[in-house]
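The file upload-v1.cif comes next; it holds mmCIF, C-alpha atoms.
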```
data_start
loop_
_atom_site.label_atom_id
_atom_site.label_comp_id
_atom_site.auth_asym_id
_atom_site.auth_seq_id
_atom_site.Cartn_x
_atom_site.Cartn_y
_atom_site.Cartn_z
CA MET A 185 96.20 -173.55 30.17
CA GLY A 186 95.64 -169.99 28.92
CA ARG A 187 96.26 -166.85 30.84
CA ASP A 188 95.54 -163.18 30.31
CA ILE A 189 97.92 -161.63 27.83
CA GLU A 190 99.90 -158.57 28.75
CA PHE A 191 98.62 -155.30 27.33
CA PRO A 192 100.76 -152.26 26.54
CA ARG A 193 100.84 -150.02 29.61
CA GLU A 194 99.36 -147.06 27.78
CA TYR A 195 95.99 -148.83 27.69
CA GLU A 196 95.60 -149.15 31.44
CA ASP A 197 94.24 -145.64 32.06
CA ALA A 198 91.41 -146.16 29.60
CA ILE A 199 90.66 -149.55 31.09
CA ALA A 200 90.61 -148.09 34.60
CA SER A 201 87.99 -145.54 33.52
CA LEU A 202 85.43 -148.11 32.32
CA ASP A 203 82.00 -147.75 33.97
CA TRP A 204 81.46 -151.34 35.05
CA GLU A 205 78.11 -150.65 36.69
CA GLN A 206 76.70 -149.09 33.52
CA MET A 207 78.11 -152.00 31.55
CA ARG A 208 76.28 -154.40 33.87
CA VAL A 209 72.98 -152.59 33.30
CA ASP A 210 73.60 -152.51 29.56
CA LEU A 211 74.52 -156.18 29.41
CA GLU A 212 71.40 -157.17 31.31
CA GLN A 213 69.16 -155.42 28.78
CA PHE A 214 71.22 -156.69 25.87
CA GLU A 215 70.82 -160.28 27.06
CA ARG A 216 67.04 -159.83 27.28
CA ASP A 217 67.02 -158.34 23.78
CA SER A 218 69.20 -161.12 22.36
CA ARG A 219 66.95 -163.83 23.77
CA TYR A 220 63.84 -162.02 22.55
CA LEU A 221 65.35 -161.68 19.07
CA ALA A 222 66.21 -165.38 18.99
CA SER A 223 62.65 -166.25 20.02
CA ILE A 224 61.01 -164.33 17.16
CA VAL A 225 63.18 -165.60 14.31
CA PRO A 226 60.36 -167.76 12.83
CA GLU A 227 58.13 -164.69 12.48
CA LEU A 228 61.01 -162.60 11.18
CA ARG A 229 61.63 -165.11 8.38
CA GLU A 230 58.12 -164.22 7.16
CA GLN A 231 58.15 -160.49 7.94
CA HIS A 232 61.74 -159.45 7.16
CA PRO A 233 63.39 -162.23 5.17
CA ASP A 234 67.07 -161.84 4.21
CA CYS A 235 67.41 -158.77 6.43
CA TRP A 236 69.50 -157.69 9.36
CA VAL A 237 67.07 -157.01 12.22
CA ALA A 238 67.84 -154.85 15.25
CA VAL A 239 66.12 -155.07 18.62
CA TYR A 240 66.39 -152.63 21.51
CA HIS A 241 64.41 -152.89 24.74
CA GLU A 242 62.59 -155.90 23.25
CA GLN A 243 61.26 -153.90 20.32
CA ILE A 244 62.26 -154.18 16.67
CA VAL A 245 63.90 -150.82 15.95
CA GLY A 246 65.03 -151.41 12.39
CA PHE A 247 65.71 -153.85 9.60
CA ASP A 248 67.63 -153.71 6.32
CA PRO A 249 69.30 -156.11 3.89
CA ASP A 250 72.48 -154.05 4.33
CA LEU A 251 74.08 -154.08 7.79
CA LYS A 252 75.96 -150.81 7.37
CA GLU A 253 72.82 -149.03 6.14
CA LEU A 254 70.90 -150.31 9.14
CA LEU A 255 73.57 -149.21 11.60
CA ALA A 256 73.89 -145.78 9.97
CA ARG A 257 70.14 -145.24 10.25
CA LEU A 258 70.06 -146.38 13.88
CA ASN A 259 73.12 -144.29 14.75
CA ALA A 260 71.37 -141.24 13.28
CA GLN A 261 68.47 -141.96 15.66
CA GLY A 262 70.89 -142.05 18.57
CA LEU A 263 70.86 -145.83 18.82
CA LYS A 264 74.36 -147.19 18.76
CA GLN A 265 75.13 -149.08 21.91
CA ASN A 266 73.76 -152.37 23.08
CA LEU A 267 71.68 -153.28 20.04
CA ALA A 268 70.86 -156.95 19.52
CA ILE A 269 71.25 -157.54 15.79
CA ARG A 270 71.12 -160.68 13.71
CA TYR A 271 70.71 -161.66 10.11
CA VAL A 272 67.48 -163.49 9.37
CA SER A 273 67.59 -165.58 6.22
CA ARG A 274 64.43 -166.51 4.36
CA GLU A 275 65.34 -170.16 4.73
CA PRO A 276 67.16 -171.64 7.73
CA VAL A 277 70.89 -171.94 7.18
CA LEU A 278 72.97 -174.83 8.48
CA LEU A 279 75.79 -173.22 10.43
CA ILE A 280 79.07 -175.13 10.54
CA VAL A 281 81.86 -173.15 12.16
CA MET B 1406 81.09 -168.29 40.25
CA ALA B 1407 79.06 -168.89 37.08
CA ILE B 1408 78.27 -167.06 33.88
CA GLU B 1409 74.95 -168.00 32.32
CA GLY B 1410 74.07 -168.10 28.66
CA TYR B 1411 71.24 -169.71 26.74
CA PHE B 1412 70.43 -171.98 23.83
CA ASP B 1413 69.12 -170.28 20.71
CA SER B 1414 66.49 -172.67 19.42
CA SER B 1415 65.65 -170.88 16.18
CA GLY B 1416 67.44 -173.78 14.48
CA GLU B 1417 69.41 -176.69 15.88
CA PRO B 1418 69.87 -175.35 19.45
CA ALA B 1419 73.12 -173.40 19.71
CA PRO B 1420 74.81 -172.14 22.92
CA TYR B 1421 75.26 -168.39 23.26
CA VAL B 1422 76.53 -166.12 26.00
CA GLY B 1423 76.37 -162.34 26.19
CA GLY B 1424 79.39 -160.29 27.17
CA SER B 1425 81.00 -156.89 27.03
CA VAL B 1426 83.94 -156.28 24.74
CA TYR B 1427 86.33 -153.34 25.09
CA LEU B 1428 89.16 -152.71 22.65
CA PRO B 1429 91.62 -150.45 24.51
CA ARG B 1430 93.75 -149.45 21.52
CA LEU B 1431 90.69 -148.16 19.68
CA GLY B 1432 88.84 -146.96 22.79
CA VAL B 1433 85.58 -148.66 21.78
CA GLY B 1434 83.29 -151.08 23.54
CA ASN B 1435 79.88 -152.68 23.17
CA ARG B 1436 77.83 -155.72 24.06
CA VAL B 1437 78.40 -158.87 22.02
CA GLU B 1438 76.52 -162.14 21.81
CA PHE B 1439 79.02 -164.98 21.36
CA LEU B 1440 78.38 -168.43 19.96
CA LEU B 1441 80.38 -170.89 22.05
CA ASP B 1442 82.62 -172.70 19.56
CA THR B 1443 84.97 -175.40 20.79
CA GLY B 1444 86.19 -175.72 17.20
CA ALA B 1445 87.61 -172.19 17.23
CA ASP B 1446 91.17 -171.72 18.46
CA ALA B 1447 90.49 -168.04 19.09
CA THR B 1448 87.67 -165.63 19.84
CA THR B 1449 86.50 -163.63 16.86
CA LEU B 1450 84.47 -160.49 16.26
CA HIS B 1451 82.54 -160.92 13.06
CA PRO B 1452 81.17 -158.03 10.97
CA VAL B 1453 77.90 -157.60 12.88
CA ASP B 1454 79.84 -156.85 16.05
CA ALA B 1455 82.86 -155.18 14.48
CA HIS B 1456 80.51 -152.67 12.86
CA LYS B 1457 78.52 -152.22 16.07
CA LEU B 1458 81.82 -151.31 17.71
CA GLY B 1459 82.33 -148.73 14.97
CA ILE B 1460 85.41 -150.45 13.60
CA ASP B 1461 86.14 -149.93 9.98
CA GLY B 1462 88.98 -151.51 8.10
CA SER B 1463 91.15 -148.40 8.21
CA ALA B 1464 91.39 -148.61 12.01
CA LEU B 1465 92.71 -152.15 11.98
CA GLY B 1466 96.29 -153.25 11.75
CA PRO B 1467 97.54 -155.57 9.04
CA ALA B 1468 95.53 -158.76 8.50
CA SER B 1469 98.42 -160.84 9.65
CA PHE B 1470 96.72 -164.08 10.55
CA GLN B 1471 95.65 -166.71 8.09
CA THR B 1472 92.67 -168.69 9.37
CA SER B 1473 91.31 -171.92 8.08
CA GLY B 1474 87.77 -173.22 8.57
CA VAL B 1475 85.04 -175.28 6.98
CA GLY B 1476 84.22 -172.42 4.61
CA GLY B 1477 87.81 -171.94 3.49
CA GLN B 1478 90.60 -169.57 4.42
CA ALA B 1479 90.56 -165.91 5.34
CA ARG B 1480 92.83 -163.31 6.84
CA TYR B 1481 92.08 -161.81 10.22
CA THR B 1482 93.59 -159.00 12.27
CA PRO B 1483 94.36 -159.47 15.96
CA GLU B 1484 93.30 -156.71 18.36
CA TYR B 1485 93.79 -156.40 22.12
CA ALA B 1486 90.48 -156.89 23.89
CA ILE B 1487 88.98 -157.23 27.33
CA VAL B 1488 86.10 -159.70 27.05
CA SER B 1489 83.98 -159.58 30.19
CA PHE B 1490 81.05 -161.57 31.47
CA TYR B 1491 78.88 -160.86 34.50
CA ASP B 1492 78.46 -163.47 37.18
CA LYS B 1493 75.07 -162.79 38.76
CA ASP B 1494 75.72 -165.14 41.69
CA ALA B 1495 78.97 -163.50 42.65
CA GLU B 1496 77.69 -160.06 41.51
CA ASP B 1497 81.01 -159.46 39.86
CA TRP B 1498 82.63 -159.36 36.46
CA ARG B 1499 84.99 -161.95 35.11
CA SER B 1500 87.28 -160.52 32.48
CA PHE B 1501 89.67 -162.10 30.04
CA ARG B 1502 92.50 -160.14 28.42
CA ILE B 1503 93.04 -161.68 25.02
CA GLN B 1504 93.49 -160.84 21.40
CA VAL B 1505 90.27 -161.08 19.42
CA TYR B 1506 90.46 -161.69 15.69
CA ILE B 1507 88.59 -159.47 13.26
CA PRO B 1508 88.22 -160.27 9.56
CA SER B 1509 90.04 -157.94 7.23
CA PRO B 1510 87.75 -155.76 5.08
CA GLU B 1511 88.39 -157.91 2.03
CA ASN B 1512 87.32 -160.97 4.00
CA GLU B 1513 84.19 -159.42 5.49
CA HIS B 1514 82.03 -160.90 2.80
CA SER B 1515 83.14 -164.44 3.59
CA ALA B 1516 82.47 -163.84 7.30
CA GLY B 1517 79.06 -162.58 6.21
CA SER B 1518 76.31 -163.06 8.75
CA LEU B 1519 78.30 -165.28 11.10
CA PRO B 1520 77.91 -164.63 14.82
CA SER B 1521 81.00 -163.72 16.81
CA LEU B 1522 82.65 -166.83 18.23
CA LEU B 1523 83.86 -167.53 21.76
CA GLY B 1524 86.89 -169.70 21.15
CA ARG B 1525 89.00 -172.05 23.20
CA ASP B 1526 91.26 -169.17 24.27
CA ILE B 1527 88.48 -168.45 26.77
CA LEU B 1528 86.53 -171.74 26.88
CA ASN B 1529 89.60 -173.70 27.97
CA ARG B 1530 89.86 -171.41 31.00
CA CYS B 1531 86.37 -172.37 32.12
CA HIS B 1532 84.39 -175.36 33.21
CA CYS B 1533 81.64 -175.39 30.58
CA THR B 1534 78.24 -176.98 31.05
CA LEU B 1535 75.96 -177.30 28.05
CA ASP B 1536 72.56 -178.99 28.23
CA ALA B 1537 70.23 -178.09 25.37
CA ALA B 1538 67.31 -180.03 26.82
CA GLU B 1539 67.47 -177.89 29.98
CA ASN B 1540 68.46 -174.66 28.17
CA HIS B 1541 71.52 -174.67 30.38
CA VAL B 1542 74.68 -172.84 29.32
CA VAL B 1543 77.08 -172.15 32.16
CA LEU B 1544 80.70 -171.05 32.15
CA GLU B 1545 82.61 -171.28 35.41
CA PRO B 1546 85.99 -169.59 35.02
CA ARG B 1547 88.79 -171.44 36.73
CA ARG B 1548 90.77 -169.45 39.24
CA THR B 1549 94.33 -168.79 38.13
#
```

Do you think you could lay out the structure here as C-alpha coordinates?
Amino acid sequence: MGRDIEFPREYEDAIASLDWEQMRVDLEQFERDSRYLASIVPELREQHPDCWVAVYHEQIVGFDPDLKELLARLNAQGLKQNLAIRYVSREPVLLIV
Amino acid sequence: MAIEGYFDSSGEPAPYVGGSVYLPRLGVGNRVEFLLDTGADATTLHPVDAHKLGIDGSALGPASFQTSGVGGQARYTPEYAIVSFYDKDAEDWRSFRIQVYIPSPENEHSAGSLPSLLGRDILNRCHCTLDAAENHVVLEPRRT
(Lines of atoms letter the chains of each structure in order from A and count residues from 1; the text may use other names and numbers.)
(Lines give C-alpha, C1' and ligand atoms only; values in the text may rest on other atoms or scores of the structure.)
Protein backbone atom coordinates (compact mmCIF):
# COMPACT_ATOMS: atom_id res chain seq x y z
CA MET A 1 0.00 0.00 0.00
CA GLY A 2 1.25 3.54 -0.71
CA ARG A 3 3.33 5.63 1.57
CA ASP A 4 4.49 9.23 1.60
CA ILE A 5 7.33 9.80 -0.82
CA GLU A 6 10.56 11.34 0.35
CA PHE A 7 11.03 14.99 -0.50
CA PRO A 8 14.39 16.70 -1.04
CA ARG A 9 15.55 18.12 2.30
CA GLU A 10 15.71 21.67 1.00
CA TYR A 11 11.90 21.79 0.93
CA GLU A 12 11.41 21.12 4.62
CA ASP A 13 11.94 24.70 5.81
CA ALA A 14 9.21 26.00 3.53
CA ILE A 15 6.90 23.21 4.60
CA ALA A 16 7.57 23.95 8.27
CA SER A 17 6.53 27.58 7.75
CA LEU A 18 3.04 26.79 6.41
CA ASP A 19 0.23 28.49 8.35
CA TRP A 20 -2.00 25.49 8.96
CA GLU A 21 -4.59 27.45 10.94
CA GLN A 22 -5.06 29.97 8.13
CA MET A 23 -5.24 27.09 5.67
CA ARG A 24 -8.02 25.54 7.78
CA VAL A 25 -10.02 28.78 7.72
CA ASP A 26 -9.43 29.14 3.98
CA LEU A 27 -10.42 25.56 3.27
CA GLU A 28 -13.63 25.90 5.24
CA GLN A 29 -14.72 28.89 3.16
CA PHE A 30 -13.55 27.26 -0.05
CA GLU A 31 -15.66 24.18 0.67
CA ARG A 32 -18.73 26.36 1.23
CA ASP A 33 -18.02 28.19 -2.01
CA SER A 34 -17.48 24.97 -3.96
CA ARG A 35 -20.77 23.50 -2.77
CA TYR A 36 -22.59 26.75 -3.49
CA LEU A 37 -21.11 26.86 -7.00
CA ALA A 38 -22.17 23.26 -7.65
CA SER A 39 -25.70 24.08 -6.48
CA ILE A 40 -26.19 26.97 -8.91
CA VAL A 41 -24.91 25.27 -12.07
CA PRO A 42 -28.43 25.01 -13.61
CA GLU A 43 -28.88 28.78 -13.36
CA LEU A 44 -25.35 29.40 -14.58
CA ARG A 45 -26.03 27.37 -17.74
CA GLU A 46 -28.66 30.02 -18.55
CA GLN A 47 -26.81 33.10 -17.28
CA HIS A 48 -23.17 32.38 -18.18
CA PRO A 49 -23.08 29.50 -20.65
CA ASP A 50 -19.69 28.21 -21.82
CA CYS A 51 -17.89 30.34 -19.25
CA TRP A 52 -15.54 29.81 -16.36
CA VAL A 53 -17.33 31.12 -13.25
CA ALA A 54 -15.59 32.14 -10.02
CA VAL A 55 -17.21 32.25 -6.60
CA TYR A 56 -15.78 33.77 -3.44
CA HIS A 57 -17.63 34.00 -0.13
CA GLU A 58 -20.69 32.52 -1.87
CA GLN A 59 -20.87 35.34 -4.39
CA ILE A 60 -20.13 35.19 -8.11
CA VAL A 61 -17.06 37.41 -8.49
CA GLY A 62 -16.37 36.90 -12.17
CA PHE A 63 -16.97 34.91 -15.31
CA ASP A 64 -15.23 34.62 -18.67
CA PRO A 65 -14.94 32.12 -21.53
CA ASP A 66 -11.16 32.29 -21.06
CA LEU A 67 -9.78 30.95 -17.77
CA LYS A 68 -6.54 32.92 -17.88
CA GLU A 69 -8.40 36.17 -18.61
CA LEU A 70 -10.71 35.53 -15.68
CA LEU A 71 -7.84 34.80 -13.31
CA ALA A 72 -5.88 37.85 -14.47
CA ARG A 73 -8.89 40.09 -13.83
CA LEU A 74 -9.52 38.58 -10.40
CA ASN A 75 -5.83 38.77 -9.48
CA ALA A 76 -5.87 42.47 -10.39
CA GLN A 77 -8.75 42.87 -7.92
CA GLY A 78 -6.68 41.18 -5.24
CA LEU A 79 -8.55 37.89 -5.50
CA LYS A 80 -6.17 35.04 -6.01
CA GLN A 81 -6.42 32.55 -3.22
CA ASN A 82 -9.23 30.19 -2.41
CA LEU A 83 -11.48 30.89 -5.38
CA ALA A 84 -13.99 28.20 -6.33
CA ILE A 85 -13.94 28.09 -10.12
CA ARG A 86 -15.59 25.77 -12.59
CA TYR A 87 -16.43 25.69 -16.26
CA VAL A 88 -20.14 25.78 -16.99
CA SER A 89 -21.06 24.42 -20.39
CA ARG A 90 -24.27 25.44 -22.12
CA GLU A 91 -25.26 21.79 -22.31
CA PRO A 92 -24.40 19.17 -19.69
CA VAL A 93 -21.29 17.20 -20.56
CA LEU A 94 -20.89 13.50 -19.83
CA LEU A 95 -17.65 13.22 -17.90
CA ILE A 96 -15.72 9.98 -18.30
CA VAL A 97 -12.31 10.08 -16.64
CA MET B 1 -10.61 10.25 11.83
CA ALA B 2 -12.68 11.21 8.76
CA ILE B 3 -12.47 13.67 5.91
CA GLU B 4 -15.83 14.71 4.50
CA GLY B 5 -16.65 15.62 0.93
CA TYR B 6 -19.90 15.90 -0.97
CA PHE B 7 -21.72 14.78 -4.09
CA ASP B 8 -22.02 17.37 -6.83
CA SER B 9 -25.48 16.78 -8.23
CA SER B 10 -25.34 19.24 -11.13
CA GLY B 11 -25.20 16.14 -13.34
CA GLU B 12 -24.91 12.46 -12.50
CA PRO B 13 -23.85 12.84 -8.83
CA ALA B 14 -20.06 12.91 -8.55
CA PRO B 15 -17.97 12.68 -5.34
CA TYR B 16 -15.74 15.63 -4.53
CA VAL B 17 -13.53 16.55 -1.61
CA GLY B 18 -11.82 19.86 -0.90
CA GLY B 19 -8.18 20.01 0.12
CA SER B 20 -5.11 22.18 0.33
CA VAL B 21 -2.25 21.65 -2.08
CA TYR B 22 1.27 22.97 -1.51
CA LEU B 23 4.04 22.53 -4.06
CA PRO B 24 7.30 22.99 -2.10
CA ARG B 25 9.65 23.30 -5.08
CA LEU B 26 7.60 26.18 -6.48
CA GLY B 27 6.57 27.61 -3.11
CA VAL B 28 2.90 27.89 -4.09
CA GLY B 29 -0.27 26.63 -2.50
CA ASN B 30 -4.04 26.96 -2.82
CA ARG B 31 -7.30 25.19 -2.21
CA VAL B 32 -8.35 22.51 -4.69
CA GLU B 33 -11.59 20.64 -5.20
CA PHE B 34 -10.80 17.06 -6.22
CA LEU B 35 -13.05 14.61 -8.03
CA LEU B 36 -12.50 11.20 -6.46
CA ASP B 37 -11.43 8.95 -9.33
CA THR B 38 -10.70 5.29 -8.66
CA GLY B 39 -9.80 4.99 -12.35
CA ALA B 40 -6.83 7.34 -11.94
CA ASP B 41 -3.49 5.83 -10.94
CA ALA B 42 -2.29 9.23 -9.76
CA THR B 43 -3.58 12.55 -8.48
CA THR B 44 -3.61 15.31 -11.06
CA LEU B 45 -3.85 19.09 -11.07
CA HIS B 46 -5.74 20.15 -14.14
CA PRO B 47 -5.52 23.62 -15.71
CA VAL B 48 -8.17 25.27 -13.51
CA ASP B 49 -6.11 24.49 -10.42
CA ALA B 50 -2.66 24.72 -11.98
CA HIS B 51 -3.48 28.27 -13.06
CA LYS B 52 -5.00 29.12 -9.68
CA LEU B 53 -1.67 28.06 -8.18
CA GLY B 54 0.03 30.46 -10.58
CA ILE B 55 1.88 27.70 -12.39
CA ASP B 56 2.77 28.36 -15.96
CA GLY B 57 4.48 25.93 -18.25
CA SER B 58 7.89 27.54 -17.88
CA ALA B 59 8.00 26.65 -14.18
CA LEU B 60 7.41 22.96 -14.79
CA GLY B 61 10.00 20.32 -15.44
CA PRO B 62 9.96 18.14 -18.53
CA ALA B 63 6.65 16.44 -19.34
CA SER B 64 8.15 13.09 -18.71
CA PHE B 65 5.08 10.97 -18.14
CA GLN B 66 2.86 9.61 -20.84
CA THR B 67 -0.70 9.14 -19.62
CA SER B 68 -3.47 7.22 -21.22
CA GLY B 69 -7.19 7.73 -20.65
CA VAL B 70 -10.58 7.52 -22.30
CA GLY B 71 -9.90 10.75 -24.18
CA GLY B 72 -6.53 9.60 -25.50
CA GLN B 73 -2.94 10.15 -24.47
CA ALA B 74 -1.19 13.18 -23.06
CA ARG B 75 2.07 14.09 -21.40
CA TYR B 76 2.15 15.22 -17.80
CA THR B 77 4.83 16.59 -15.50
CA PRO B 78 5.28 15.24 -11.98
CA GLU B 79 5.70 17.75 -9.15
CA TYR B 80 6.28 17.19 -5.43
CA ALA B 81 3.15 18.10 -3.50
CA ILE B 82 1.68 17.99 -0.03
CA VAL B 83 -2.03 17.30 -0.43
CA SER B 84 -3.83 17.94 2.85
CA PHE B 85 -7.36 17.43 4.07
CA TYR B 86 -8.90 18.62 7.32
CA ASP B 87 -10.55 16.16 9.64
CA LYS B 88 -13.18 18.13 11.56
CA ASP B 89 -13.76 15.34 14.08
CA ALA B 90 -10.12 15.03 15.01
CA GLU B 91 -9.55 18.79 14.45
CA ASP B 92 -6.36 17.97 12.64
CA TRP B 93 -4.90 17.79 9.18
CA ARG B 94 -4.11 14.63 7.32
CA SER B 95 -1.41 15.18 4.73
CA PHE B 96 -0.10 13.04 1.92
CA ARG B 97 3.33 13.62 0.38
CA ILE B 98 3.05 12.56 -3.23
CA GLN B 99 3.85 13.63 -6.73
CA VAL B 100 0.92 15.29 -8.47
CA TYR B 101 0.79 15.25 -12.25
CA ILE B 102 0.25 18.45 -14.20
CA PRO B 103 -0.47 18.51 -17.94
CA SER B 104 2.26 20.01 -20.07
CA PRO B 105 1.33 23.33 -21.72
CA GLU B 106 0.83 21.65 -25.07
CA ASN B 107 -1.60 19.21 -23.46
CA GLU B 108 -3.57 21.83 -21.54
CA HIS B 109 -6.18 22.02 -24.23
CA SER B 110 -6.94 18.31 -24.02
CA ALA B 111 -7.23 18.57 -20.22
CA GLY B 112 -9.59 21.47 -20.87
CA SER B 113 -12.22 21.99 -18.21
CA LEU B 114 -11.57 18.74 -16.35
CA PRO B 115 -11.60 18.91 -12.55
CA SER B 116 -8.46 17.89 -10.70
CA LEU B 117 -8.53 14.20 -9.85
CA LEU B 118 -7.82 12.46 -6.55
CA GLY B 119 -6.24 9.22 -7.68
CA ARG B 120 -5.55 5.86 -6.14
CA ASP B 121 -2.16 7.08 -4.86
CA ILE B 122 -4.24 8.66 -2.08
CA LEU B 123 -7.55 6.74 -2.27
CA ASN B 124 -5.83 3.40 -1.69
CA ARG B 125 -4.49 4.77 1.60
CA CYS B 126 -8.00 5.46 2.84
CA HIS B 127 -11.19 3.67 3.65
CA CYS B 128 -13.60 5.38 1.26
CA THR B 129 -17.35 5.58 1.77
CA LEU B 130 -19.50 6.87 -1.06
CA ASP B 131 -23.28 7.03 -0.86
CA ALA B 132 -24.88 9.38 -3.38
CA ALA B 133 -28.37 8.89 -1.99
CA GLU B 134 -27.19 10.17 1.41
CA ASN B 135 -24.74 12.75 -0.01
CA HIS B 136 -22.08 10.91 1.94
CA VAL B 137 -18.43 11.14 0.89
CA VAL B 138 -16.00 10.12 3.62
CA LEU B 139 -12.30 9.33 3.48
CA GLU B 140 -10.75 7.70 6.52
CA PRO B 141 -6.98 7.58 6.11
CA ARG B 142 -5.44 4.37 7.33
CA ARG B 143 -2.73 4.74 9.93
CA THR B 144 0.70 3.76 8.65

Contacts from chain B to chain A, 8 Å maximum, all atoms listed in the file: show me the residue list as a PyMOL selection string.
chain B and resi 1411+1413-1416+1423-1425+1429-1430+1432+1435-1436+1438+1442+1444-1445+1453+1456-1457+1474-1476+1485+1491+1501-1504+1518+1520+1526-1527+1529-1530+1549

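Going from CA of Pro1508 (chain B) to CA of Leu254 (chain A) covers 20.0 Å.
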
Tell me which residues the PyMOL selection byres ((chain B and resi 1509) around 9) grabs here, as a list in words.
Gly1462, Leu1465, Pro1467, Ala1468, Ala1479, Arg1480, Tyr1481, Thr1482, Ile1507, Pro1508, Pro1510, Glu1511, Asn1512 and Glu1513 of chain B

Taken to one decimal, the CA of Leu1544 (chain B)-CA of Ile1408 (chain B) distance is 5.0 Å

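Within the 7 Å cut-off around region 242-244 of chain A, using only C-alpha atoms and omitting residues fewer than 3 positions from it on the same chain, the listed residues are Asp217, Tyr220, Ala238 and Val239 of chain A.
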
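Going from CA of Asn1540 (chain B) to CA of Phe1412 (chain B) covers 5.5 Å.
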
Please evaluate the PyMOL selection byres ((chain B and resi 1427) around 6) against the displayed coordinates and give the resulting residues as a list in words.
Val1426, Leu1428, Val1433, Gly1434, Ala1486 and Ile1487 of chain B

Edge lengths and centre, in Å to one decimal, as AutoDock Vina command-line options: that's what I need for the box along x, y and z that holds all listed atoms of region 228-237 of chain A plus 3 Å on each side.
```
--center_x 63.8 --center_y -161.1 --center_z 8.2 --size_x 17.4 --size_y 14.1 --size_z 14.0
```

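For the set B:Tyr1506, B:Phe1490, B:Phe1470, B:Trp1498, the residue with the smallest atom-to-atom gap to Leu1522 (chain B) is B:Tyr1506, counting all atoms listed in the file.
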
List the neighbours of Asp234 (chain A) out to 10 Å using all atoms listed in the file; skip same-chain residues closer than 4 positions along the sequence, and give me the result as number ranges by chain.
A: 228-230, 247-250, 271-275

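Considering all atoms listed in the file, the residue among B:Met1406, B:Ala1516, B:Leu1458, B:Val1488 positioned nearest to Thr1472 (chain B) is B:Ala1516.
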